[in-house]
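Novice: The following block contains the structure, expressed as structure tokens.
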Amino acid sequence: MHEYSLVEALVTRVEAEAKKRDAIAVHKLSVRVGELSGVDPELFQTAYETFRAGTICAGVPLTLTRVAASWSCPRCRTPIARGAILRCPACDTPGKLDDGSDALTLDGIEMEVP
Amino acid sequence: MCTTCGCGDTELVPVELHEKILAGNDRAARHNREHFLEARVLALNLMGSPGAGKTAVLEATAKAAAAKGWRLGAVSADLATDNDARRLQKAGIPSKAITTGQACHLDAELVHRSLHDFPWRDTDMFFIENVGNLVCPAIYDLGQAANVVVLSVTEGEDKPLKYPVMFNAADLVLLTKCDLVPHLDVELAKIHDALARVMPRPRMIEVSARTGQGMDAWVAWLEELRDGIGLGGADAHAHGHEHSHAHSHEHAHGDERHSHAHSHDGHEHEHGSADHHGHARGGKHDHD
Ligand SMILES: Nc1nc2c(ncn2[C@@H]2O[C@H](COP(=O)(O)OP(=O)(O)O)[C@@H](O)[C@H]2O)c(=O)[nH]1
Ligand SMILES: [Mg+2]
Ligand SMILES: [Zn+2]
Ligand SMILES: [Zn+2]
Ligand SMILES: [Zn+2]
Ligand SMILES: [Zn+2]
Ligand SMILES: [Zn+2]
Ligand SMILES: [Zn+2]
């Protein structure tokens with residue numbers, strides 16, 4: 001259940017940002033979860049709802065956006081079909097994972113500031 | 001808003017960050033990586049299911065490495081015991097347990113702390129045996145030069161497809177327990193095919209810790225990796241390196257035997273056996 005340690009890192013980051021900006025409250029968080037990020041979105045959401053109690057994120061909704069994994073050719077950009085051998089169907093170059101496919105990203109925080 | 005009593009209007013601001021949640025771990029991993037490079041140590045992150053044969057393959061590596069004159073070292077993640085570290089020690093690899101308690105993976109900070117009281121600088125190759133788990137260890141960079149995923153022939157050919165995150169992170173797959181293949185229905189071609197669908201540059205070496213099969217290919221792979229990142233040469237101790245620390249715990253440099261440019265900020269710092277430490281030979285070194 002590494003989702004808990006990830007949520008902890010998330011909340012710590014939000015607290016630091018809120019402090020930096022003298023925020024009175026946090027209203028919304030948005031996070032993007034890549035399909036190959038190693039994070040189960042449901043577990044992450046559940047972990048967040050448990051962990052946020054007593055922090056600046058208590059009661060703050062978290063919007064998770066799932067990003068499907070996709071591969072393409074780094075040379076000629078030809079997409080590689082899902083589940084296929086990871087080589088470019090056009091030029092045989094080894095494929096490359098597209099941006100976001102394996103990332104877990106804190107996109108933004110909506111804060112209330114004085 | 002008035003800061004005295006809180007009256008007046010507040011403002012809602014959207015703060016765009018687009019920042020990796022693991023950014024903190026990635027920073028700590030970069031720090032470890034700089035240390036490994038500066039000390040010319042090849043660090044490897046060994047991952048795989050519990051029982052896949054991670055410790056056994058290291059035990060077998062001890063024999064193969066002795067012929068090369070390599071000095072090995074290892075830290076082993078273990079939930080509660082130090083059995084693996086003791087096994088490795090017995091096989092001739094200086095080792096230490098990292099007790100992880102409930103944690104299901106190692107992170108860069110845990111590895112960093114394990115370096116403080118382990119003579120990792122005296123090794124040529126430093127193995128980090130991760131927690132037995134095919135899921136989350138893959139997402140934590142530790143500062144290693146390469147990820148090696150240990151998969152045993154008894155685990156089923158579809159494991160790479162079921163755990164794509166792990167196999168996608170692998171630089172090499174060691175297929176272990178190959179001595180058992182004649183007793184099983186496993187089809188190695190199916191494993192190759194599955195790997196090609198999750199690894200853009202699939203690389204697999206078939207080994208057996210029991211019979212020693214494939215150990216020469218594994219050692220050759222290690223050697224190639226080491227030469228590839230320039231850690232192989234004989235003149236191991238003449239280089240300069242800029243490095244800054246931003247962590248806030250006690251930090252000892254043990255016995256460095258080379259001169260390095262190394263600047264520290266914001267943490268306590270002590271040098272072990274000062275005689276070996278070569279700052280006088282020209283390394284820039286600030287302590288504040
Ligand atoms: N037949 C056979 N058994 C092995 C081999 N490598 C490991 N094992 C057995 O597999 C079990 C788990 O090995 P271990 O190294 O502790 O796995 P780890 O949990 O991944 O470190 C032990 O009972 C080993 O004896 C091998 O190459 N051949
Ligand atoms: Mg083990
Ligand atoms: Zn192409
Ligand atoms: Zn007022
Ligand atoms: Zn974990
Ligand atoms: Zn350091
Ligand atoms: Zn340190
Ligand atoms: Zn120093």
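We name chains A, B, ... following the order of the structure tokens; residues begin at 1 in each chain, and ligands are numbered from 1 as shown.
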Hey, what's within 6 Å of region 82-87 of chain A if we count only C-alpha atoms and toss same-chain stuff fewer than 3 positions away? As a list of chain:residue names, please?
Specialist: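 Everything that qualifies: A:Asp92, A:Thr93, A:Pro94, A:Gly95, B:Ala196, B:Arg197, B:Pro200.
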Novice: What are the residues of chain B lining chain A at 9 Å or less? Count only C-alpha atoms, and put the answer as a PDB file with C-alpha atoms, in the first residue's frame.
Specialist:
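Output (iface.pdb):
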```
ATOM      1  CA  MET B   1      -7.988  41.191   3.740  1.00  0.00           C
ATOM      2  CA  CYS B   2      -7.174  42.842   7.018  1.00  0.00           C
ATOM      3  CA  THR B   3      -4.581  40.751   8.788  1.00  0.00           C
ATOM      4  CA  GLY B   6      -9.621  38.587   9.267  1.00  0.00           C
ATOM      5  CA  GLY B   8     -12.650  41.659   4.202  1.00  0.00           C
ATOM      6  CA  ASP B   9     -12.516  39.650   1.023  1.00  0.00           C
ATOM      7  CA  THR B  10     -10.384  36.675   0.282  1.00  0.00           C
ATOM      8  CA  GLU B  11      -9.428  35.459  -3.132  1.00  0.00           C
ATOM      9  CA  LEU B  12      -9.542  32.025  -4.753  1.00  0.00           C
ATOM     10  CA  VAL B  13      -6.400  31.353  -6.735  1.00  0.00           C
ATOM     11  CA  PRO B  14      -5.643  28.351  -8.901  1.00  0.00           C
ATOM     12  CA  VAL B  15      -2.000  27.372  -8.415  1.00  0.00           C
ATOM     13  CA  GLU B  16      -0.634  25.416 -11.352  1.00  0.00           C
ATOM     14  CA  LEU B  17       2.159  23.076 -10.319  1.00  0.00           C
ATOM     15  CA  HIS B  18       2.449  20.136 -12.754  1.00  0.00           C
ATOM     16  CA  GLU B  19       4.906  18.582 -10.370  1.00  0.00           C
ATOM     17  CA  LYS B  20       5.702  14.922  -9.828  1.00  0.00           C
ATOM     18  CA  ILE B  21       4.438  13.718  -6.474  1.00  0.00           C
ATOM     19  CA  LEU B  22       7.632  11.700  -6.173  1.00  0.00           C
ATOM     20  CA  GLY B  24      11.220  14.542  -3.272  1.00  0.00           C
ATOM     21  CA  ALA B 103       7.050  -0.550   4.005  1.00  0.00           C
ATOM     22  CA  CYS B 104       6.532  -2.489   0.806  1.00  0.00           C
ATOM     23  CA  HIS B 105       9.393  -0.807  -1.080  1.00  0.00           C
ATOM     24  CA  VAL B 135       4.404  -3.569  -7.783  1.00  0.00           C
ATOM     25  CA  CYS B 136       5.676  -0.440  -6.120  1.00  0.00           C
ATOM     26  CA  ALA B 138       9.597   0.037  -9.514  1.00  0.00           C
ATOM     27  CA  ILE B 139       8.348   3.594  -9.051  1.00  0.00           C
ATOM     28  CA  LEU B 161       2.057  -8.586 -18.809  1.00  0.00           C
ATOM     29  CA  PRO B 164       4.036  -3.971 -16.756  1.00  0.00           C
ATOM     30  CA  VAL B 165       5.214  -1.156 -14.479  1.00  0.00           C
ATOM     31  CA  MET B 166       7.928  -3.350 -13.004  1.00  0.00           C
ATOM     32  CA  ASN B 168       8.932  -1.511 -18.054  1.00  0.00           C
ATOM     33  CA  ASP B 193       7.171 -12.473 -26.167  1.00  0.00           C
ATOM     34  CA  ALA B 194       5.574 -10.979 -23.051  1.00  0.00           C
ATOM     35  CA  LEU B 195       8.704  -8.970 -22.293  1.00  0.00           C
ATOM     36  CA  ALA B 196       8.770  -7.531 -25.818  1.00  0.00           C
ATOM     37  CA  ARG B 197       5.299  -6.071 -25.143  1.00  0.00           C
ATOM     38  CA  VAL B 198       6.310  -4.239 -21.964  1.00  0.00           C
ATOM     39  CA  MET B 199      10.021  -3.486 -22.478  1.00  0.00           C
ATOM     40  CA  PRO B 200      11.076  -1.488 -25.538  1.00  0.00           C
ATOM     41  CA  ARG B 201      14.565  -3.018 -25.358  1.00  0.00           C
TER      42      ARG B 201
END
```
Novice: What is the CA of Asp122 (chain B) to atom 12 (C, counted along the ligand's line) of ligand 1 distance in Å?
Specialist: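 So the two atoms, CA of Asp122 (chain B) and atom 12 (C, counted along the ligand's line) of ligand 1, lie 28.2 Å apart.
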Novice: Separation of CA of Val173 (chain B) and CA of Leu142 (chain B), in Å?
Specialist: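 Taking CA of Val173 (chain B) as the start and CA of Leu142 (chain B) as the end point, the length is 18.0 Å.
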Novice: I'd like the contact shell of Ala85 (chain B) - 10 Å cut-off, only C-alpha atoms, skipping same-chain residues fewer than 2 positions apart - returned as a PyMOL selection string.
Specialist: chain B and resi 55+74-78+81-83+87-91+93-98+129
Novice: Could you please take those selected residues and save N, CA and C atoms as a PDB file, in the first residue's frame?
Specialist:
```
ATOM      1  N   THR B  55      18.305 -13.185  -3.514  1.00  0.00           N
ATOM      2  CA  THR B  55      19.457 -13.414  -2.635  1.00  0.00           C
ATOM      3  C   THR B  55      20.331 -14.527  -3.204  1.00  0.00           C
ATOM      4  N   ALA B  74      26.373  -5.271  -0.469  1.00  0.00           N
ATOM      5  CA  ALA B  74      24.923  -5.335  -0.655  1.00  0.00           C
ATOM      6  C   ALA B  74      24.180  -4.820   0.561  1.00  0.00           C
ATOM      7  N   VAL B  75      23.064  -4.198   0.297  1.00  0.00           N
ATOM      8  CA  VAL B  75      22.100  -3.955   1.363  1.00  0.00           C
ATOM      9  C   VAL B  75      20.825  -4.687   0.957  1.00  0.00           C
ATOM     10  N   SER B  76      20.180  -5.294   1.947  1.00  0.00           N
ATOM     11  CA  SER B  76      19.012  -6.121   1.687  1.00  0.00           C
ATOM     12  C   SER B  76      17.828  -5.596   2.463  1.00  0.00           C
ATOM     13  N   ALA B  77      16.761  -5.313   1.753  1.00  0.00           N
ATOM     14  CA  ALA B  77      15.551  -4.855   2.430  1.00  0.00           C
ATOM     15  C   ALA B  77      14.839  -6.067   2.993  1.00  0.00           C
ATOM     16  N   ASP B  78      14.473  -5.964   4.230  1.00  0.00           N
ATOM     17  CA  ASP B  78      13.824  -7.090   4.863  1.00  0.00           C
ATOM     18  C   ASP B  78      12.783  -6.536   5.813  1.00  0.00           C
ATOM     19  N   THR B  81      13.575  -9.369   9.456  1.00  0.00           N
ATOM     20  CA  THR B  81      14.784 -10.099   9.833  1.00  0.00           C
ATOM     21  C   THR B  81      16.012  -9.554   9.118  1.00  0.00           C
ATOM     22  N   ASP B  82      17.170 -10.119   9.428  1.00  0.00           N
ATOM     23  CA  ASP B  82      18.350  -9.801   8.628  1.00  0.00           C
ATOM     24  C   ASP B  82      18.911 -11.082   8.017  1.00  0.00           C
ATOM     25  N   ASN B  83      18.016 -12.035   7.739  1.00  0.00           N
ATOM     26  CA  ASN B  83      18.439 -13.326   7.185  1.00  0.00           C
ATOM     27  C   ASN B  83      19.191 -13.191   5.878  1.00  0.00           C
ATOM     28  N   ARG B  87      22.938 -14.282   4.963  1.00  0.00           N
ATOM     29  CA  ARG B  87      23.279 -15.228   3.884  1.00  0.00           C
ATOM     30  C   ARG B  87      24.356 -14.640   2.982  1.00  0.00           C
ATOM     31  N   LEU B  88      24.203 -13.376   2.623  1.00  0.00           N
ATOM     32  CA  LEU B  88      25.154 -12.740   1.707  1.00  0.00           C
ATOM     33  C   LEU B  88      26.521 -12.602   2.357  1.00  0.00           C
ATOM     34  N   GLN B  89      26.507 -12.225   3.606  1.00  0.00           N
ATOM     35  CA  GLN B  89      27.740 -12.097   4.369  1.00  0.00           C
ATOM     36  C   GLN B  89      28.500 -13.422   4.341  1.00  0.00           C
ATOM     37  N   LYS B  90      27.729 -14.495   4.542  1.00  0.00           N
ATOM     38  CA  LYS B  90      28.323 -15.831   4.554  1.00  0.00           C
ATOM     39  C   LYS B  90      28.903 -16.200   3.183  1.00  0.00           C
ATOM     40  N   ALA B  91      28.256 -15.672   2.151  1.00  0.00           N
ATOM     41  CA  ALA B  91      28.746 -15.953   0.795  1.00  0.00           C
ATOM     42  C   ALA B  91      29.940 -15.071   0.438  1.00  0.00           C
ATOM     43  N   ILE B  93      29.934 -11.555   0.702  1.00  0.00           N
ATOM     44  CA  ILE B  93      29.579 -10.198   0.278  1.00  0.00           C
ATOM     45  C   ILE B  93      29.274  -9.362   1.524  1.00  0.00           C
ATOM     46  N   PRO B  94      30.111  -8.363   1.833  1.00  0.00           N
ATOM     47  CA  PRO B  94      29.785  -7.494   2.969  1.00  0.00           C
ATOM     48  C   PRO B  94      28.362  -6.940   2.798  1.00  0.00           C
ATOM     49  N   SER B  95      27.538  -7.140   3.808  1.00  0.00           N
ATOM     50  CA  SER B  95      26.119  -6.844   3.649  1.00  0.00           C
ATOM     51  C   SER B  95      25.504  -6.279   4.900  1.00  0.00           C
ATOM     52  N   LYS B  96      24.388  -5.657   4.690  1.00  0.00           N
ATOM     53  CA  LYS B  96      23.676  -5.060   5.804  1.00  0.00           C
ATOM     54  C   LYS B  96      22.189  -5.107   5.493  1.00  0.00           C
ATOM     55  N   ALA B  97      21.381  -5.303   6.533  1.00  0.00           N
ATOM     56  CA  ALA B  97      19.936  -5.319   6.325  1.00  0.00           C
ATOM     57  C   ALA B  97      19.389  -3.900   6.440  1.00  0.00           C
ATOM     58  N   ILE B  98      18.412  -3.588   5.596  1.00  0.00           N
ATOM     59  CA  ILE B  98      17.624  -2.379   5.807  1.00  0.00           C
ATOM     60  C   ILE B  98      16.268  -2.880   6.280  1.00  0.00           C
ATOM     61  N   GLU B 129      19.166  -5.065  -2.680  1.00  0.00           N
ATOM     62  CA  GLU B 129      18.090  -6.054  -2.815  1.00  0.00           C
ATOM     63  C   GLU B 129      16.820  -5.433  -2.261  1.00  0.00           C
TER      64      GLU B 129
END
```
